[in-house]
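Trainee: As input, take input_32.pdb (PDB, C-alpha atoms, pLDDT in the B column):
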```
ATOM      1  CA  MET A   1      18.493  -5.689  -6.788  1.00 48.00           C
ATOM      2  CA  HIS A   2      17.159  -5.314  -3.207  1.00 58.00           C
ATOM      3  CA  GLY A   3      14.352  -6.486  -0.976  1.00 70.00           C
ATOM      4  CA  TYR A   4      11.872  -3.973  -2.391  1.00 74.00           C
ATOM      5  CA  ALA A   5      12.008  -5.200  -5.991  1.00 81.00           C
ATOM      6  CA  LEU A   6       9.683  -7.717  -7.580  1.00 81.00           C
ATOM      7  CA  ARG A   7      10.892 -11.254  -8.130  1.00 84.00           C
ATOM      8  CA  ASP A   8      10.884 -12.473 -11.737  1.00 87.00           C
ATOM      9  CA  ASP A   9       7.799 -14.659 -11.203  1.00 84.00           C
ATOM     10  CA  GLN A  10       5.898 -11.716  -9.727  1.00 84.00           C
ATOM     11  CA  TRP A  11       6.911  -9.464 -12.604  1.00 85.00           C
ATOM     12  CA  PHE A  12       5.803 -12.010 -15.237  1.00 88.00           C
ATOM     13  CA  ARG A  13       2.347 -12.145 -13.632  1.00 86.00           C
ATOM     14  CA  ILE A  14       1.647  -8.413 -14.006  1.00 86.00           C
ATOM     15  CA  ARG A  15       3.764  -7.174 -16.930  1.00 86.00           C
ATOM     16  CA  ASP A  16       1.105  -7.786 -19.593  1.00 85.00           C
ATOM     17  CA  MET A  17      -1.444  -5.679 -17.693  1.00 85.00           C
ATOM     18  CA  LEU A  18       0.662  -2.513 -17.690  1.00 87.00           C
ATOM     19  CA  PRO A  19       0.514   0.305 -20.245  1.00 84.00           C
ATOM     20  CA  GLY A  20       3.574   1.041 -22.349  1.00 72.00           C
ATOM     21  CA  ARG A  21       4.308  -2.581 -23.258  1.00 64.00           C
ATOM     22  CA  GLU A  22       5.088  -3.836 -26.766  1.00 63.00           C
ATOM     23  CA  GLY A  23       1.956  -3.884 -28.911  1.00 61.00           C
ATOM     24  CA  HIS A  24       0.067  -1.571 -26.559  1.00 59.00           C
ATOM     25  CA  VAL A  25      -1.499   1.600 -27.955  1.00 57.00           C
ATOM     26  CA  GLY A  26       0.680   4.622 -27.245  1.00 56.00           C
ATOM     27  CA  GLY A  27       4.368   4.877 -26.481  1.00 57.00           C
ATOM     28  CA  THR A  28       6.499   1.954 -25.395  1.00 56.00           C
ATOM     29  CA  ALA A  29       8.027   2.269 -21.933  1.00 65.00           C
ATOM     30  CA  PRO A  30      11.195   0.194 -21.587  1.00 67.00           C
ATOM     31  CA  ASP A  31      11.310   0.733 -17.850  1.00 85.00           C
ATOM     32  CA  ASN A  32       7.936  -0.527 -16.568  1.00 87.00           C
ATOM     33  CA  ARG A  33       9.635  -2.938 -14.184  1.00 88.00           C
ATOM     34  CA  LEU A  34      11.847  -0.209 -12.759  1.00 90.00           C
ATOM     35  CA  PHE A  35       8.804   2.012 -12.334  1.00 90.00           C
ATOM     36  CA  VAL A  36       6.826  -0.673 -10.468  1.00 90.00           C
ATOM     37  CA  ASP A  37       9.886  -1.334  -8.286  1.00 91.00           C
ATOM     38  CA  THR A  38      10.070   2.413  -7.612  1.00 92.00           C
ATOM     39  CA  VAL A  39       6.450   2.525  -6.441  1.00 91.00           C
ATOM     40  CA  LEU A  40       7.017  -0.511  -4.210  1.00 90.00           C
ATOM     41  CA  TYR A  41      10.173   1.051  -2.769  1.00 92.00           C
ATOM     42  CA  ARG A  42       8.396   4.312  -2.071  1.00 92.00           C
ATOM     43  CA  TYR A  43       5.513   2.684  -0.204  1.00 87.00           C
ATOM     44  CA  ARG A  44       7.589   0.126   1.669  1.00 88.00           C
ATOM     45  CA  THR A  45      10.049   2.736   2.946  1.00 89.00           C
ATOM     46  CA  SER A  46       7.573   5.638   3.286  1.00 90.00           C
ATOM     47  CA  VAL A  47       9.996   8.099   1.723  1.00 92.00           C
ATOM     48  CA  PRO A  48       8.559  11.242   0.144  1.00 94.00           C
ATOM     49  CA  TRP A  49       8.554  11.348  -3.654  1.00 93.00           C
ATOM     50  CA  ARG A  50      11.306  13.986  -3.607  1.00 95.00           C
ATOM     51  CA  ALA A  51      13.581  11.676  -1.594  1.00 94.00           C
ATOM     52  CA  LEU A  52      13.601   8.795  -4.100  1.00 93.00           C
ATOM     53  CA  PRO A  53      17.125   7.535  -4.800  1.00 93.00           C
ATOM     54  CA  GLU A  54      18.611   8.585  -8.156  1.00 92.00           C
ATOM     55  CA  ARG A  55      18.598   4.989  -9.440  1.00 91.00           C
ATOM     56  CA  TYR A  56      14.804   5.321  -9.852  1.00 91.00           C
ATOM     57  CA  GLY A  57      14.960   8.407 -12.043  1.00 90.00           C
ATOM     58  CA  HIS A  58      13.649  11.920 -11.515  1.00 92.00           C
ATOM     59  CA  TRP A  59      11.017  12.016  -8.780  1.00 93.00           C
ATOM     60  CA  LYS A  60       8.670  14.396 -10.575  1.00 94.00           C
ATOM     61  CA  THR A  61       8.492  12.266 -13.719  1.00 90.00           C
ATOM     62  CA  THR A  62       7.915   9.171 -11.602  1.00 91.00           C
ATOM     63  CA  HIS A  63       5.171  10.835  -9.570  1.00 94.00           C
ATOM     64  CA  ARG A  64       3.439  12.106 -12.713  1.00 92.00           C
ATOM     65  CA  ARG A  65       3.456   8.596 -14.197  1.00 90.00           C
ATOM     66  CA  TYR A  66       2.193   7.160 -10.893  1.00 93.00           C
ATOM     67  CA  ARG A  67      -0.706   9.636 -10.863  1.00 94.00           C
ATOM     68  CA  ARG A  68      -1.637   8.787 -14.460  1.00 91.00           C
ATOM     69  CA  TRP A  69      -1.650   5.061 -13.694  1.00 91.00           C
ATOM     70  CA  CYS A  70      -3.824   5.634 -10.607  1.00 92.00           C
ATOM     71  CA  GLU A  71      -6.299   7.780 -12.508  1.00 93.00           C
ATOM     72  CA  SER A  72      -6.563   5.274 -15.378  1.00 90.00           C
ATOM     73  CA  GLY A  73      -7.098   2.343 -12.986  1.00 92.00           C
ATOM     74  CA  VAL A  74      -3.909   0.393 -13.765  1.00 90.00           C
ATOM     75  CA  PHE A  75      -3.116  -0.392 -10.122  1.00 88.00           C
ATOM     76  CA  THR A  76      -6.743  -1.290  -9.392  1.00 90.00           C
ATOM     77  CA  ARG A  77      -6.771  -3.842 -12.215  1.00 88.00           C
ATOM     78  CA  VAL A  78      -3.454  -5.329 -11.086  1.00 86.00           C
ATOM     79  CA  PHE A  79      -4.603  -5.608  -7.454  1.00 84.00           C
ATOM     80  CA  GLU A  80      -7.922  -7.172  -8.485  1.00 83.00           C
ATOM     81  CA  MET A  81      -6.110  -9.748 -10.608  1.00 81.00           C
ATOM     82  CA  LEU A  82      -3.699 -10.572  -7.776  1.00 77.00           C
ATOM     83  CA  ALA A  83      -6.550 -10.809  -5.271  1.00 75.00           C
ATOM     84  CA  ARG A  84      -8.134 -13.603  -7.341  1.00 77.00           C
ATOM     85  CA  ASP A  85      -4.957 -15.645  -6.883  1.00 68.00           C
ATOM     86  CA  ALA A  86      -5.673 -18.889  -5.028  1.00 60.00           C
ATOM     87  CA  ASP A  87      -2.364 -19.024  -3.152  1.00 63.00           C
ATOM     88  CA  ASN A  88      -3.015 -15.684  -1.399  1.00 56.00           C
ATOM     89  CA  GLU A  89       0.637 -14.639  -1.733  1.00 58.00           C
ATOM     90  CA  PHE A  90      -0.345 -11.206  -2.962  1.00 53.00           C
ATOM     91  CA  MET A  91      -3.187 -10.529  -0.520  1.00 53.00           C
ATOM     92  CA  MET A  92      -2.976  -7.495   1.722  1.00 55.00           C
ATOM     93  CA  LEU A  93      -3.876  -7.225   5.377  1.00 53.00           C
ATOM     94  CA  ASP A  94      -6.449  -4.776   6.536  1.00 54.00           C
ATOM     95  CA  ALA A  95      -7.253  -3.452   9.978  1.00 54.00           C
ATOM     96  CA  THR A  96     -10.188  -5.828  10.530  1.00 56.00           C
ATOM     97  CA  ILE A  97      -7.862  -8.660  11.565  1.00 54.00           C
ATOM     98  CA  VAL A  98      -5.540  -6.679  13.794  1.00 55.00           C
ATOM     99  CA  ARG A  99      -6.074  -7.342  17.501  1.00 60.00           C
ATOM    100  CA  ALA A 100      -7.037  -4.368  19.589  1.00 60.00           C
ATOM    101  CA  HIS A 101      -7.347  -3.785  23.296  1.00 63.00           C
ATOM    102  CA  GLN A 102     -10.794  -4.620  24.664  1.00 61.00           C
ATOM    103  CA  HIS A 103     -11.602  -0.974  25.427  1.00 59.00           C
ATOM    104  CA  SER A 104     -10.962   0.078  21.844  1.00 61.00           C
ATOM    105  CA  ALA A 105     -13.444  -2.570  20.723  1.00 59.00           C
ATOM    106  CA  GLY A 106     -16.352  -1.026  22.648  1.00 63.00           C
ATOM    107  CA  ALA A 107     -16.228  -3.103  25.843  1.00 62.00           C
ATOM    108  CA  GLN A 108     -18.025  -1.673  28.847  1.00 64.00           C
ATOM    109  CA  LYS A 109     -15.816   0.394  31.092  1.00 62.00           C
ATOM    110  CA  LYS A 110     -15.894  -0.021  34.825  1.00 66.00           C
ATOM    111  CA  LEU A 111     -17.778   2.721  36.588  1.00 69.00           C
ATOM    112  CA  VAL A 112     -15.882   4.618  39.241  1.00 63.00           C
ATOM    113  CA  LYS A 113     -17.634   4.294  42.589  1.00 66.00           C
ATOM    114  CA  THR A 114     -17.288   7.157  44.987  1.00 63.00           C
ATOM    115  CA  LYS A 115     -16.462   6.436  48.558  1.00 64.00           C
ATOM    116  CA  PRO A 116     -19.066   7.448  51.118  1.00 66.00           C
ATOM    117  CA  SER A 117     -16.551   9.740  52.815  1.00 65.00           C
ATOM    118  CA  VAL A 118     -16.010  11.696  49.582  1.00 59.00           C
ATOM    119  CA  ALA A 119     -19.757  12.149  49.126  1.00 58.00           C
ATOM    120  CA  ARG A 120     -20.151  13.442  52.715  1.00 63.00           C
ATOM    121  CA  ALA A 121     -17.260  15.887  52.338  1.00 61.00           C
ATOM    122  CA  ALA A 122     -18.802  17.352  49.188  1.00 61.00           C
ATOM    123  CA  ALA A 123     -22.134  17.988  50.912  1.00 60.00           C
TER     124      ALA A 123
END
```
Would it be possible to restate this file's structure as C-alpha cells?
Mentor:
Amino acid sequence: MHGYALRDDQWFRIRDMLPGREGHVGGTAPDNRLFVDTVLYRYRTSVPWRALPERYGHWKTTHRRYRRWCESGVFTRVFEMLARDADNEFMMLDATIVRAHQHSAGAQKKLVKTKPSVARAAA
C-alpha cells in the first residue's frame, strides 16, 4: 500500500496477539491489519486523529478503538513480544543513545574572568 504499512511477515508475527481475530472472545474484526496500519501511519506522520485520510475509516471510531487497545494492554504485549526478537528489527531507539553537546551532558562550563580594568571601573 505505502511505506507506513506493515509487510506481510511483520503482520503474521503479531496478528494472533490482537483482539477481534477468529476464535477470540467477542466480536470479530475483519480490519485489524488496516487498523494497525492506521496507527502506524498516524504516529509516523504525526497527523492529528481528525486528519486521518478517509481510507483508514472514521477518525473517531479509530481513536476509540486505539484507546481501548491501549487500556487493555494490547500494544504493550505486542511491543514486549517484538522486543524479545533476536534480530532486533523491531527495537525502538530511545534518547539514551542520542549524542548531545557536551554542555547538555553536564560538562563544566568555563568561568568568565573579568578584566582588571573592568573591576577598577566598577569600584
Trainee: Residues at most 12 Å from A:Pro48, counting only C-alpha atoms, excluding those fewer than 2 positions away in the same chain, as a list in words?
Mentor: Thr38, Val39, Tyr41, Arg42, Tyr43, Arg44, Thr45, Ser46, Arg50, Ala51, Leu52, Pro53, Trp59, Lys60, Thr62 and His63 of chain A
Trainee: For atom CA of A:Arg77 and atom CA of A:Phe35, determine how far apart the two atoms are, in Å to one decimal place.
Mentor: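 The value is 16.6 Å.
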Trainee: If I take atom CA of A:Asp31 and atom CA of A:Tyr4, how far is one from the other in Å, to one decimal?
Mentor: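 Pair atom CA of A:Asp31 / atom CA of A:Tyr4 returns 16.2 Å.
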Trainee: Would you work out the distance separating atom CA of A:Arg55 from atom CA of A:Glu71, expressed in Å to one decimal?
Mentor: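 Interatomic distance, atom CA of A:Arg55 to atom CA of A:Glu71: 25.2 Å.
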Trainee: Considering all atoms listed in the file, return as a list in words whatever protein or nucleic-acid residues lie within 9 Å of A:Asp37, sequence-local ones (same chain, fewer than 6 positions apart) excluded.
Mentor: Tyr4, Ala5, Leu6 and Tyr56 of chain A
Trainee: I need the residues from that last selection saved to file as a PDB file, in the coordinates of the input (with C-alpha atoms), if you can.
Mentor:
```
ATOM      1  CA  TYR A   4      11.872  -3.973  -2.391  1.00 74.00           C
ATOM      2  CA  ALA A   5      12.008  -5.200  -5.991  1.00 81.00           C
ATOM      3  CA  LEU A   6       9.683  -7.717  -7.580  1.00 81.00           C
ATOM      4  CA  TYR A  56      14.804   5.321  -9.852  1.00 91.00           C
TER       5      TYR A  56
END
```
Trainee: Given the choices A:Gly20, A:Arg33, A:Trp49, A:Asp9, which gets closest to A:Arg67 if the distance is worked out from only C-alpha atoms?
Mentor: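 Of A:Gly20, A:Arg33, A:Trp49, A:Asp9, the one nearest A:Arg67 is A:Trp49, counting only C-alpha atoms.
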Trainee: Taking into account only C-alpha atoms, which residue in the set A:Arg7, A:Leu34, A:Ile14, A:Gly57 is nearest to A:Val78?
Mentor: A:Ile14
Trainee: Between A:Ala83, A:Val47, A:Leu40, A:Val74, which is the closest to A:Leu18 once you count all atoms listed in the file?
Mentor: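 Distance minimum relative to A:Leu18 lands on A:Val74.
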